[in-house]
>>> print(open('upload.pdb').read())   # PDB, C-alpha atoms
ATOM      1  CA  MET A   1     -19.072 -16.548  -9.750
ATOM      2  CA  ASN A   2     -20.196 -13.919  -7.246
ATOM      3  CA  SER A   3     -17.752 -12.406  -4.784
ATOM      4  CA  ARG A   4     -17.550  -9.236  -2.765
ATOM      5  CA  LEU A   5     -15.290  -6.243  -3.132
ATOM      6  CA  ILE A   6     -14.097  -5.334   0.347
ATOM      7  CA  ARG A   7     -11.775  -2.343  -0.132
ATOM      8  CA  ILE A   8     -10.866   0.295  -2.689
ATOM      9  CA  CYS A   9      -7.366   1.347  -1.664
ATOM     10  CA  TRP A  10      -6.325   4.674  -3.163
ATOM     11  CA  ASN A  11      -3.268   5.262  -1.001
ATOM     12  CA  LEU A  12      -1.907   4.319   2.407
ATOM     13  CA  ALA A  13      -4.040   6.906   4.177
ATOM     14  CA  GLU A  14      -7.306   6.654   2.272
ATOM     15  CA  ASP A  15      -9.868   4.014   1.383
ATOM     16  CA  LEU A  16     -12.500   5.201  -1.075
ATOM     17  CA  PRO A  17     -16.168   4.319  -0.399
ATOM     18  CA  MET A  18     -16.873   4.609  -4.123
ATOM     19  CA  ALA A  19     -14.876   5.245  -7.275
ATOM     20  CA  TYR A  20     -15.760   6.093 -10.867
ATOM     21  CA  ILE A  21     -13.514   4.127 -13.209
ATOM     22  CA  HIS A  22     -13.196   5.293 -16.786
ATOM     23  CA  MET A  23     -10.672   5.785 -19.569
ATOM     24  CA  GLY A  24      -8.892   8.936 -20.658
ATOM     25  CA  SER A  25      -8.267  10.140 -24.197
ATOM     26  CA  SER A  26      -4.754   8.687 -24.037
ATOM     27  CA  GLY A  27      -6.123   5.239 -23.246
ATOM     28  CA  ASP A  28      -4.986   5.254 -19.605
ATOM     29  CA  ALA A  29      -7.309   4.184 -16.814
ATOM     30  CA  LEU A  30      -8.731   6.983 -14.690
ATOM     31  CA  CYS A  31     -10.145   6.855 -11.174
ATOM     32  CA  ASN A  32     -12.346   9.869 -10.430
ATOM     33  CA  GLY A  33     -10.506  11.688 -13.209
ATOM     34  CA  GLU A  34      -6.991  10.868 -12.004
ATOM     35  CA  PRO A  35      -4.600   8.712 -14.123
ATOM     36  CA  SER A  36      -4.332   5.423 -12.278
ATOM     37  CA  LYS A  37      -2.730   2.015 -12.271
ATOM     38  CA  ILE A  38      -5.504  -0.349 -11.187
ATOM     39  CA  THR A  39      -4.574  -3.750  -9.802
ATOM     40  CA  LEU A  40      -6.385  -6.692  -8.268
ATOM     41  CA  ALA A  41      -5.263  -7.613  -4.757
ATOM     42  CA  PHE A  42      -6.178 -10.100  -2.057
ATOM     43  CA  PRO A  43      -6.596  -9.752   1.729
ATOM     44  CA  GLY A  44      -3.345 -10.067   3.642
ATOM     45  CA  GLU A  45      -0.952  -9.397   0.785
ATOM     46  CA  PRO A  46       1.198  -6.231   0.769
ATOM     47  CA  LEU A  47      -0.004  -3.348  -1.375
ATOM     48  CA  ASP A  48       2.446  -1.410  -3.518
ATOM     49  CA  PHE A  49       1.846   2.338  -3.345
ATOM     50  CA  ASP A  50       4.975   3.346  -5.220
ATOM     51  CA  LYS A  51       4.029   6.288  -7.471
ATOM     52  CA  GLY A  52       7.079   6.012  -9.674
ATOM     53  CA  GLU A  53       5.295   4.625 -12.742
ATOM     54  CA  GLU A  54       4.464   7.126 -15.454
ATOM     55  CA  SER A  55       2.481   7.145 -18.683
ATOM     56  CA  GLY A  56       2.703   9.985 -21.182
ATOM     57  CA  GLY A  57       4.630  12.056 -18.663
ATOM     58  CA  LEU A  58       1.924  11.673 -16.001
ATOM     59  CA  LYS A  59       2.393   9.834 -12.733
ATOM     60  CA  LEU A  60      -0.100   7.018 -12.213
ATOM     61  CA  ASN A  61      -1.834   6.820  -8.848
ATOM     62  CA  PRO A  62      -1.927   3.236  -7.556
ATOM     63  CA  LEU A  63      -5.460   1.926  -7.032
ATOM     64  CA  HIS A  64      -5.868  -1.537  -5.481
ATOM     65  CA  LEU A  65      -9.150  -3.434  -5.537
ATOM     66  CA  VAL A  66      -8.875  -5.846  -2.624
ATOM     67  CA  VAL A  67     -11.297  -8.747  -3.097
ATOM     68  CA  SER A  68     -12.391 -11.720  -1.029
ATOM     69  CA  GLY A  69     -13.827 -15.085  -1.909
ATOM     70  CA  LEU A  70     -11.372 -15.818  -4.713
ATOM     71  CA  ASN A  71      -8.473 -18.227  -5.027
ATOM     72  CA  ARG A  72      -5.643 -16.068  -6.320
ATOM     73  CA  ASP A  73      -4.032 -19.025  -8.086
ATOM     74  CA  SER A  74      -7.185 -19.659 -10.123
ATOM     75  CA  ILE A  75      -7.404 -16.161 -11.607
ATOM     76  CA  LYS A  76      -6.408 -16.187 -15.246
ATOM     77  CA  SER A  77      -5.307 -13.213 -17.303
ATOM     78  CA  ARG A  78      -7.876 -11.869 -19.776
ATOM     79  CA  VAL A  79     -10.775 -12.712 -17.439
ATOM     80  CA  PHE A  80     -13.368  -9.936 -17.187
ATOM     81  CA  VAL A  81     -14.428  -8.444 -13.850
ATOM     82  CA  ALA A  82     -17.965  -7.031 -14.061
ATOM     83  CA  PHE A  83     -19.418  -4.902 -11.267
ATOM     84  CA  GLY A  84     -23.147  -5.168 -11.958
ATOM     85  CA  ASP A  85     -25.713  -2.689 -13.291
ATOM     86  CA  GLY A  86     -24.057   0.646 -13.948
ATOM     87  CA  GLY A  87     -20.745  -0.688 -12.675
ATOM     88  CA  ALA A  88     -17.421  -0.821 -14.449
ATOM     89  CA  VAL A  89     -16.250  -3.755 -16.532
ATOM     90  CA  LEU A  90     -12.508  -4.433 -16.284
ATOM     91  CA  ARG A  91     -10.227  -6.993 -17.921
ATOM     92  CA  LEU A  92      -7.386  -8.621 -16.057
ATOM     93  CA  GLY A  93      -4.005  -8.345 -17.738
ATOM     94  CA  GLU A  94      -0.508  -9.368 -16.734
ATOM     95  CA  GLY A  95       0.625  -8.763 -13.165
ATOM     96  CA  LYS A  96      -2.991  -8.547 -11.978
ATOM     97  CA  ARG A  97      -3.296  -5.153 -13.662
ATOM     98  CA  LEU A  98      -6.839  -4.224 -14.700
ATOM     99  CA  GLU A  99      -7.749  -2.565 -17.995
ATOM    100  CA  VAL A 100     -10.928  -0.496 -18.336
ATOM    101  CA  VAL A 101     -13.357  -2.050 -20.811
ATOM    102  CA  SER A 102     -16.494  -0.154 -19.842
ATOM    103  CA  PRO A 103     -16.726   2.832 -17.476
ATOM    104  CA  GLY A 104     -18.772   2.736 -14.306
ATOM    105  CA  PHE A 105     -18.855   2.910 -10.528
ATOM    106  CA  ILE A 106     -17.243   0.552  -8.023
ATOM    107  CA  ALA A 107     -18.319   0.679  -4.382
ATOM    108  CA  VAL A 108     -17.101  -0.974  -1.215
ATOM    109  CA  SER A 109     -18.740  -4.413  -0.717
ATOM    110  CA  GLN A 110     -20.245  -4.310  -4.213
ATOM    111  CA  ARG A 111     -20.999  -7.653  -5.813
ATOM    112  CA  PHE A 112     -19.104  -8.549  -8.947
ATOM    113  CA  LYS A 113     -18.793 -11.440 -11.369
ATOM    114  CA  LEU A 114     -15.898 -13.022 -13.198
ATOM    115  CA  TRP A 115     -16.540 -13.603 -16.883
ATOM    116  CA  GLU A 116     -14.560 -15.988 -19.022
ATOM    117  CA  PRO A 117     -14.017 -14.446 -22.478
ATOM    118  CA  ILE A 118     -16.578 -15.339 -25.145
ATOM    119  CA  THR A 119     -14.803 -16.201 -28.405
ATOM    120  CA  THR A 120     -16.493 -14.000 -30.979
ATOM    121  CA  GLY A 121     -16.530 -13.313 -34.699
ATOM    122  CA  VAL A 122     -17.875 -10.220 -36.470
ATOM    123  CA  LEU A 123     -19.076 -10.793 -40.022
ATOM    124  CA  THR A 124     -19.946  -7.826 -42.231
ATOM    125  CA  ILE A 125     -22.229  -8.670 -45.160
ATOM    126  CA  SER A 126     -22.018  -6.102 -47.945
ATOM    127  CA  ASP A 127     -21.477  -6.285 -51.707
ATOM    128  CA  LYS A 128     -19.775  -2.890 -51.748
ATOM    129  CA  GLY A 129     -17.786  -3.652 -48.629
ATOM    130  CA  ALA A 130     -16.499  -6.907 -50.089
ATOM    131  CA  ARG A 131     -15.373  -5.014 -53.211
ATOM    132  CA  GLY A 132     -13.626  -2.354 -51.128
ATOM    133  CA  GLU A 133     -16.038   0.356 -52.254
ATOM    134  CA  ARG A 134     -17.455   1.123 -48.803
ATOM    135  CA  GLU A 135     -15.761   1.495 -45.434
ATOM    136  CA  ASP A 136     -17.069  -0.875 -42.803
ATOM    137  CA  THR A 137     -17.917   1.177 -39.712
ATOM    138  CA  ALA A 138     -20.483  -1.153 -38.142
ATOM    139  CA  GLY A 139     -18.134  -4.144 -37.770
ATOM    140  CA  PRO A 140     -15.421  -2.334 -35.777
ATOM    141  CA  ALA A 141     -18.074  -0.631 -33.628
ATOM    142  CA  LEU A 142     -19.641  -3.996 -32.759
ATOM    143  CA  ALA A 143     -16.234  -5.473 -31.932
ATOM    144  CA  GLU A 144     -15.564  -2.643 -29.487
ATOM    145  CA  ARG A 145     -19.026  -2.745 -27.918
ATOM    146  CA  ALA A 146     -18.907  -6.540 -27.498
ATOM    147  CA  LEU A 147     -16.130  -6.195 -24.926
ATOM    148  CA  CYS A 148     -18.736  -4.806 -22.520
ATOM    149  CA  ILE A 149     -20.222  -8.305 -22.196
ATOM    150  CA  GLY A 150     -16.827 -10.027 -22.116
ATOM    151  CA  ALA A 151     -16.864 -10.983 -25.804
ATOM    152  CA  GLU A 152     -13.426 -10.883 -27.439
ATOM    153  CA  VAL A 153     -13.487 -10.678 -31.226
ATOM    154  CA  ILE A 154     -10.880 -13.025 -32.701
ATOM    155  CA  LYS A 155     -12.418 -13.351 -36.181
ATOM    156  CA  ARG A 156     -13.327 -10.552 -38.584
ATOM    157  CA  ASP A 157     -14.347 -10.731 -42.231
ATOM    158  CA  VAL A 158     -16.413  -9.075 -44.941
ATOM    159  CA  VAL A 159     -18.420 -11.121 -47.464
ATOM    160  CA  PRO A 160     -20.861 -10.120 -50.207
ATOM    161  CA  ASP A 161     -24.628 -10.542 -49.953
ATOM    162  CA  ASP A 162     -24.453 -14.168 -50.995
ATOM    163  CA  VAL A 163     -26.343 -16.922 -49.156
ATOM    164  CA  GLU A 164     -23.742 -19.655 -49.642
ATOM    165  CA  MET A 165     -20.788 -17.456 -48.697
ATOM    166  CA  ILE A 166     -22.543 -16.308 -45.513
ATOM    167  CA  ARG A 167     -23.401 -19.878 -44.559
ATOM    168  CA  ASP A 168     -19.901 -21.170 -45.274
ATOM    169  CA  LYS A 169     -18.299 -18.484 -43.121
ATOM    170  CA  VAL A 170     -20.668 -19.050 -40.179
ATOM    171  CA  LEU A 171     -20.285 -22.848 -40.320
ATOM    172  CA  ASN A 172     -16.491 -22.648 -40.586
ATOM    173  CA  TRP A 173     -16.220 -20.262 -37.652
ATOM    174  CA  GLY A 174     -18.475 -22.511 -35.603
ATOM    175  CA  ARG A 175     -16.249 -25.515 -36.322
ATOM    176  CA  GLU A 176     -13.267 -23.443 -35.189
ATOM    177  CA  GLY A 177     -14.871 -22.899 -31.781
ATOM    178  CA  ILE A 178     -16.390 -19.437 -32.193
ATOM    179  CA  GLU A 179     -19.156 -19.146 -29.589
ATOM    180  CA  LEU A 180     -20.789 -15.916 -30.792
ATOM    181  CA  ILE A 181     -21.105 -14.468 -34.300
ATOM    182  CA  LEU A 182     -22.324 -10.913 -34.815
ATOM    183  CA  CYS A 183     -23.466 -10.297 -38.389
ATOM    184  CA  THR A 184     -24.042  -6.787 -39.669
ATOM    185  CA  GLY A 185     -25.782  -5.999 -42.943
ATOM    186  CA  GLY A 186     -28.379  -7.624 -45.167
ATOM    187  CA  THR A 187     -31.370  -7.528 -42.796
ATOM    188  CA  GLY A 188     -33.584  -5.231 -44.874
ATOM    189  CA  LEU A 189     -36.132  -5.779 -47.647
ATOM    190  CA  SER A 190     -34.094  -5.261 -50.803
ATOM    191  CA  PRO A 191     -33.571  -8.244 -53.140
ATOM    192  CA  ARG A 192     -29.907  -8.534 -52.058
ATOM    193  CA  ASP A 193     -30.721  -8.554 -48.313
ATOM    194  CA  VAL A 194     -30.367 -12.264 -47.550
ATOM    195  CA  THR A 195     -28.564 -12.517 -44.201
ATOM    196  CA  PRO A 196     -31.491 -13.761 -42.060
ATOM    197  CA  ASP A 197     -32.480 -16.205 -44.807
ATOM    198  CA  ALA A 198     -28.945 -17.586 -44.967
ATOM    199  CA  ILE A 199     -28.814 -18.105 -41.194
ATOM    200  CA  MET A 200     -32.285 -19.650 -40.950
ATOM    201  CA  GLY A 201     -31.262 -22.216 -43.550
ATOM    202  CA  ILE A 202     -28.526 -23.627 -41.278
ATOM    203  CA  ALA A 203     -30.029 -22.879 -37.845
ATOM    204  CA  ASP A 204     -30.598 -25.672 -35.360
ATOM    205  CA  LYS A 205     -32.779 -23.387 -33.229
ATOM    206  CA  LEU A 206     -34.283 -19.966 -33.779
ATOM    207  CA  VAL A 207     -34.337 -17.625 -30.773
ATOM    208  CA  PRO A 208     -37.214 -15.258 -31.657
ATOM    209  CA  GLY A 209     -36.763 -13.015 -28.629
ATOM    210  CA  PHE A 210     -33.590 -11.457 -29.990
ATOM    211  CA  GLY A 211     -35.265 -10.074 -33.111
ATOM    212  CA  GLU A 212     -38.379  -9.094 -31.183
ATOM    213  CA  MET A 213     -36.400  -7.099 -28.629
ATOM    214  CA  MET A 214     -34.324  -5.387 -31.314
ATOM    215  CA  ARG A 215     -37.444  -4.113 -33.051
ATOM    216  CA  ILE A 216     -39.321  -3.185 -29.868
ATOM    217  CA  LYS A 217     -36.490  -1.302 -28.181
ATOM    218  CA  THR A 218     -35.368   0.615 -31.281
ATOM    219  CA  SER A 219     -38.880   1.650 -32.351
ATOM    220  CA  HIS A 220     -38.917   4.749 -30.099
ATOM    221  CA  ALA A 221     -36.088   6.294 -32.124
ATOM    222  CA  ASN A 222     -37.009   4.805 -35.495
ATOM    223  CA  PRO A 223     -40.720   4.096 -36.078
ATOM    224  CA  ARG A 224     -39.829   1.992 -39.121
ATOM    225  CA  SER A 225     -37.473  -0.316 -37.237
ATOM    226  CA  PHE A 226     -40.080  -3.092 -37.432
ATOM    227  CA  LEU A 227     -39.096  -3.471 -41.105
ATOM    228  CA  SER A 228     -35.698  -4.851 -40.101
ATOM    229  CA  ARG A 229     -35.555  -8.657 -40.253
ATOM    230  CA  GLY A 230     -32.791  -9.171 -37.686
ATOM    231  CA  ILE A 231     -32.872 -12.553 -35.938
ATOM    232  CA  GLY A 232     -31.087 -14.690 -33.363
ATOM    233  CA  ALA A 233     -30.322 -18.367 -33.938
ATOM    234  CA  LEU A 234     -28.187 -21.254 -32.733
ATOM    235  CA  VAL A 235     -26.024 -22.913 -35.355
ATOM    236  CA  GLY A 236     -24.646 -25.886 -33.481
ATOM    237  CA  LYS A 237     -23.463 -24.313 -30.218
ATOM    238  CA  THR A 238     -22.771 -20.925 -31.824
ATOM    239  CA  LEU A 239     -25.155 -18.066 -31.135
ATOM    240  CA  VAL A 240     -25.601 -16.004 -34.313
ATOM    241  CA  LEU A 241     -27.166 -12.543 -34.221
ATOM    242  CA  THR A 242     -27.941 -10.436 -37.287
ATOM    243  CA  PHE A 243     -27.970  -6.639 -37.125
ATOM    244  CA  PRO A 244     -28.504  -3.790 -39.627
ATOM    245  CA  GLY A 245     -25.570  -2.661 -41.739
ATOM    246  CA  SER A 246     -25.318   0.902 -40.442
ATOM    247  CA  ARG A 247     -23.104   1.661 -37.477
ATOM    248  CA  ARG A 248     -25.941   3.316 -35.573
ATOM    249  CA  GLY A 249     -28.444   0.570 -36.355
ATOM    250  CA  ALA A 250     -26.031  -2.226 -35.432
ATOM    251  CA  LEU A 251     -25.125  -0.641 -32.088
ATOM    252  CA  GLU A 252     -28.726   0.180 -31.177
ATOM    253  CA  CYS A 253     -29.814  -3.388 -31.874
ATOM    254  CA  PHE A 254     -26.848  -4.836 -29.966
ATOM    255  CA  GLU A 255     -27.633  -2.651 -26.967
ATOM    256  CA  ALA A 256     -31.280  -3.741 -27.141
ATOM    257  CA  VAL A 257     -30.348  -7.389 -26.525
ATOM    258  CA  GLU A 258     -26.942  -7.287 -24.814
ATOM    259  CA  GLU A 259     -28.334  -8.267 -21.409
ATOM    260  CA  GLY A 260     -29.249 -11.690 -22.793
ATOM    261  CA  ILE A 261     -26.310 -12.415 -25.098
ATOM    262  CA  ARG A 262     -23.797 -13.726 -22.556
ATOM    263  CA  HIS A 263     -26.382 -15.874 -20.785
ATOM    264  CA  GLY A 264     -27.527 -17.297 -24.121
ATOM    265  CA  VAL A 265     -23.968 -18.232 -25.084
ATOM    266  CA  GLU A 266     -23.304 -19.792 -21.695
ATOM    267  CA  ILE A 267     -26.483 -21.898 -21.856
ATOM    268  CA  ALA A 268     -25.711 -23.067 -25.394
ATOM    269  CA  ASN A 269     -22.215 -24.136 -24.330
ATOM    270  CA  GLY A 270     -23.216 -25.755 -21.045
ATOM    271  CA  ARG A 271     -21.581 -23.121 -18.820
ATOM    272  CA  ALA A 272     -24.879 -21.911 -17.290
ATOM    273  CA  MET A 273     -28.261 -23.299 -16.358
ATOM    274  CA  GLU A 274     -31.673 -22.147 -17.573
ATOM    275  CA  CYS A 275     -33.349 -20.086 -14.878
ATOM    276  CA  GLY A 276     -36.194 -17.627 -14.711
ATOM    277  CA  ASN A 277     -34.380 -15.139 -12.482
ATOM    278  CA  HIS A 278     -30.603 -15.189 -12.506
ATOM    279  CA  GLY A 279     -29.980 -11.692 -11.192
TER
END
>>> encode(input="upload.pdb", output="structure tokens")
Amino acid sequence: MNSRLIRICWNLAEDLPMAYIHMGSSGDALCNGEPSKITLAFPGEPLDFDKGEESGGLKLNPLHLVVSGLNRDSIKSRVFVAFGDGGAVLRLGEGKRLEVVSPGFIAVSQRFKLWEPITTGVLTISDKGARGEREDTAGPALAERALCIGAEVIKRDVVPDDVEMIRDKVLNWGREGIELILCTGGTGLSPRDVTPDAIMGIADKLVPGFGEMMRIKTSHANPRSFLSRGIGALVGKTLVLTFPGSRRGALECFEAVEEGIRHGVEIANGRAMECGNHG
């Protein structure tokens, strides 16, 4: 859904033409560096500019994003509000309060989209990780990064480099309604690296572009990235992506393909149509 932001109301006397929304070290939302309480509002309804609320001893400035083209009764909590290229991504909580998921700019009359959450699982594949001998840093990093595309991780697990265990976990999560599975680990050339092989054995469709883009876009920083065997595939209606096991490698590969992940999930689940140019 596309709508239009019509006002950024900072206080009774000031409307901002543009605001930079980000998050402070304490976890509070910031608007242009100022601790803020950000809420979604609709034309014609009264705006609350009471500055009595505090967080960590700091007063929160009220910031209202007044939007048009939406039915206020249809807005559900946990929906994501995405403000386009370079724009902020926010998540709607209780009382129409917005949480910062990804920092960025919001401007008057800027287009935005509402994203329904993508139910997501992160699966770490590692012999040492499964035995508790290695800390998993890639899995948590992927779970955090996935929020930027409106993907909420509700399943997390670590399994050894075992084809049958990987397949069982992916198939079980798919039956439980998981729409996106992000696998990290097991994409290299060692004898125990079997993640792509496990996924290909249960895939209904391979999506070659995901692996191709991962290798192309990461090659400028790592000239040997073409040795990674990361892939994308559909298992039933679940989109499964396989990334390297390192935190850096997993994030770089995710970022290389993140523009297409949400659209791929929505097509696979019948929530979007195939189109050559969807903005």
>>> resolve_selection(input="upload.pdb", expression="the PyMOL selection byres ((chain A and resi 212) around 10)", output="PyMOL selection string")
chain A and resi 207-211+213-217+226+229-232+256-257
>>> atom_distance(input="upload.pdb", atom1="atom CA of Lys155 of chain A", atom2="atom CA of Val122 of chain A")
6.3 Å
>>> resolve_selection(input="upload.pdb", expression="the PyMOL selection byres ((chain A and resi 124-132) around 9)", output="list of chain:residue names")
A:Val122, A:Leu123, A:Glu133, A:Arg134, A:Glu135, A:Asp136, A:Ala138, A:Gly139, A:Arg156, A:Asp157, A:Val158, A:Val159, A:Pro160, A:Asp161, A:Asp162, A:Ile166, A:Leu182, A:Cys183, A:Thr184, A:Gly185, A:Gly186, A:Arg192, A:Thr195, A:Gly245
>>> write_last_selection(input="upload.pdb", atoms="C-alpha atoms", output="PDB file, in the frame of the given file")
ATOM      1  CA  VAL A 122     -17.875 -10.220 -36.470  1.00  0.00           C
ATOM      2  CA  LEU A 123     -19.076 -10.793 -40.022  1.00  0.00           C
ATOM      3  CA  GLU A 133     -16.038   0.356 -52.254  1.00  0.00           C
ATOM      4  CA  ARG A 134     -17.455   1.123 -48.803  1.00  0.00           C
ATOM      5  CA  GLU A 135     -15.761   1.495 -45.434  1.00  0.00           C
ATOM      6  CA  ASP A 136     -17.069  -0.875 -42.803  1.00  0.00           C
ATOM      7  CA  ALA A 138     -20.483  -1.153 -38.142  1.00  0.00           C
ATOM      8  CA  GLY A 139     -18.134  -4.144 -37.770  1.00  0.00           C
ATOM      9  CA  ARG A 156     -13.327 -10.552 -38.584  1.00  0.00           C
ATOM     10  CA  ASP A 157     -14.347 -10.731 -42.231  1.00  0.00           C
ATOM     11  CA  VAL A 158     -16.413  -9.075 -44.941  1.00  0.00           C
ATOM     12  CA  VAL A 159     -18.420 -11.121 -47.464  1.00  0.00           C
ATOM     13  CA  PRO A 160     -20.861 -10.120 -50.207  1.00  0.00           C
ATOM     14  CA  ASP A 161     -24.628 -10.542 -49.953  1.00  0.00           C
ATOM     15  CA  ASP A 162     -24.453 -14.168 -50.995  1.00  0.00           C
ATOM     16  CA  ILE A 166     -22.543 -16.308 -45.513  1.00  0.00           C
ATOM     17  CA  LEU A 182     -22.324 -10.913 -34.815  1.00  0.00           C
ATOM     18  CA  CYS A 183     -23.466 -10.297 -38.389  1.00  0.00           C
ATOM     19  CA  THR A 184     -24.042  -6.787 -39.669  1.00  0.00           C
ATOM     20  CA  GLY A 185     -25.782  -5.999 -42.943  1.00  0.00           C
ATOM     21  CA  GLY A 186     -28.379  -7.624 -45.167  1.00  0.00           C
ATOM     22  CA  ARG A 192     -29.907  -8.534 -52.058  1.00  0.00           C
ATOM     23  CA  THR A 195     -28.564 -12.517 -44.201  1.00  0.00           C
ATOM     24  CA  GLY A 245     -25.570  -2.661 -41.739  1.00  0.00           C
TER      25      GLY A 245
END
>>> resolve_selection(input="upload.pdb", expression="the PyMOL selection byres ((chain A and resi 79) around 8)", output="PyMOL selection string")
chain A and resi 75-78+80-81+91-92+114-117
>>> residues_around(input="upload.pdb", residues="Gly121 of chain A", least_positions_apart="2", cutoff="12 Å", atoms="only C-alpha atoms", output="ChimeraX atom specification")
/A:118-119,123-124,139-140,142-144,146,151-158,169-174,176-184,238-241
>>> closest_residue(input="upload.pdb", among="A:Arg167, A:Glu99, A:Leu189, A:Pro46", to="Gly27 of chain A", atoms="only C-alpha atoms")
A:Glu99
>>> atom_distance(input="upload.pdb", atom1="atom CA of Ile267 of chain A", atom2="atom CA of Gly236 of chain A")
12.4 Å
>>> decode(input="upload.pdb", residues="segment 123-137 of chain A", atoms="N, CA, C and O atoms", output="PDB file, in the first residue's frame")
ATOM      1  N   LEU A 123      18.397 -20.129  11.090  1.00  0.00           N
ATOM      2  CA  LEU A 123      18.975 -21.440  11.392  1.00  0.00           C
ATOM      3  C   LEU A 123      20.490 -21.369  11.217  1.00  0.00           C
ATOM      4  O   LEU A 123      20.989 -21.119  10.120  1.00  0.00           O
ATOM      5  N   THR A 124      21.201 -21.582  12.300  1.00  0.00           N
ATOM      6  CA  THR A 124      22.667 -21.620  12.275  1.00  0.00           C
ATOM      7  C   THR A 124      23.119 -23.066  12.123  1.00  0.00           C
ATOM      8  O   THR A 124      22.695 -23.937  12.894  1.00  0.00           O
ATOM      9  N   ILE A 125      23.965 -23.320  11.142  1.00  0.00           N
ATOM     10  CA  ILE A 125      24.462 -24.678  10.886  1.00  0.00           C
ATOM     11  C   ILE A 125      25.945 -24.710  11.240  1.00  0.00           C
ATOM     12  O   ILE A 125      26.774 -24.050  10.599  1.00  0.00           O
ATOM     13  N   SER A 126      26.268 -25.430  12.298  1.00  0.00           N
ATOM     14  CA  SER A 126      27.651 -25.469  12.785  1.00  0.00           C
ATOM     15  C   SER A 126      27.822 -26.636  13.739  1.00  0.00           C
ATOM     16  O   SER A 126      27.081 -26.751  14.713  1.00  0.00           O
ATOM     17  N   ASP A 127      28.792 -27.504  13.465  1.00  0.00           N
ATOM     18  CA  ASP A 127      29.090 -28.603  14.392  1.00  0.00           C
ATOM     19  C   ASP A 127      29.495 -28.060  15.755  1.00  0.00           C
ATOM     20  O   ASP A 127      28.962 -28.480  16.792  1.00  0.00           O
ATOM     21  N   LYS A 128      30.436 -27.112  15.756  1.00  0.00           N
ATOM     22  CA  LYS A 128      30.913 -26.561  17.025  1.00  0.00           C
ATOM     23  C   LYS A 128      29.821 -25.770  17.722  1.00  0.00           C
ATOM     24  O   LYS A 128      29.698 -25.808  18.951  1.00  0.00           O
ATOM     25  N   GLY A 129      29.037 -25.048  16.972  1.00  0.00           N
ATOM     26  CA  GLY A 129      27.945 -24.289  17.570  1.00  0.00           C
ATOM     27  C   GLY A 129      26.918 -25.190  18.225  1.00  0.00           C
ATOM     28  O   GLY A 129      26.411 -24.896  19.314  1.00  0.00           O
ATOM     29  N   ALA A 130      26.598 -26.301  17.565  1.00  0.00           N
ATOM     30  CA  ALA A 130      25.624 -27.237  18.120  1.00  0.00           C
ATOM     31  C   ALA A 130      26.134 -27.899  19.392  1.00  0.00           C
ATOM     32  O   ALA A 130      25.345 -28.275  20.267  1.00  0.00           O
ATOM     33  N   ARG A 131      27.464 -28.029  19.515  1.00  0.00           N
ATOM     34  CA  ARG A 131      28.059 -28.616  20.722  1.00  0.00           C
ATOM     35  C   ARG A 131      28.332 -27.570  21.798  1.00  0.00           C
ATOM     36  O   ARG A 131      28.837 -27.901  22.873  1.00  0.00           O
ATOM     37  N   GLY A 132      28.036 -26.316  21.519  1.00  0.00           N
ATOM     38  CA  GLY A 132      28.280 -25.255  22.489  1.00  0.00           C
ATOM     39  C   GLY A 132      29.720 -24.836  22.573  1.00  0.00           C
ATOM     40  O   GLY A 132      30.121 -24.184  23.549  1.00  0.00           O
ATOM     41  N   GLU A 133      30.516 -25.140  21.555  1.00  0.00           N
ATOM     42  CA  GLU A 133      31.941 -24.820  21.571  1.00  0.00           C
ATOM     43  C   GLU A 133      32.257 -23.512  20.848  1.00  0.00           C
ATOM     44  O   GLU A 133      33.394 -23.064  20.854  1.00  0.00           O
ATOM     45  N   ARG A 134      31.261 -22.925  20.194  1.00  0.00           N
ATOM     46  CA  ARG A 134      31.481 -21.677  19.471  1.00  0.00           C
ATOM     47  C   ARG A 134      30.251 -20.793  19.622  1.00  0.00           C
ATOM     48  O   ARG A 134      29.118 -21.258  19.460  1.00  0.00           O
ATOM     49  N   GLU A 135      30.486 -19.521  19.926  1.00  0.00           N
ATOM     50  CA  GLU A 135      29.379 -18.576  20.042  1.00  0.00           C
ATOM     51  C   GLU A 135      28.839 -18.230  18.656  1.00  0.00           C
ATOM     52  O   GLU A 135      29.608 -17.955  17.729  1.00  0.00           O
ATOM     53  N   ASP A 136      27.547 -18.248  18.533  1.00  0.00           N
ATOM     54  CA  ASP A 136      26.903 -17.885  17.278  1.00  0.00           C
ATOM     55  C   ASP A 136      26.728 -16.377  17.232  1.00  0.00           C
ATOM     56  O   ASP A 136      25.921 -15.811  17.969  1.00  0.00           O
ATOM     57  N   THR A 137      27.483 -15.704  16.383  1.00  0.00           N
ATOM     58  CA  THR A 137      27.332 -14.257  16.215  1.00  0.00           C
ATOM     59  C   THR A 137      26.573 -13.911  14.935  1.00  0.00           C
ATOM     60  O   THR A 137      25.950 -12.852  14.850  1.00  0.00           O
TER      61      THR A 137
END
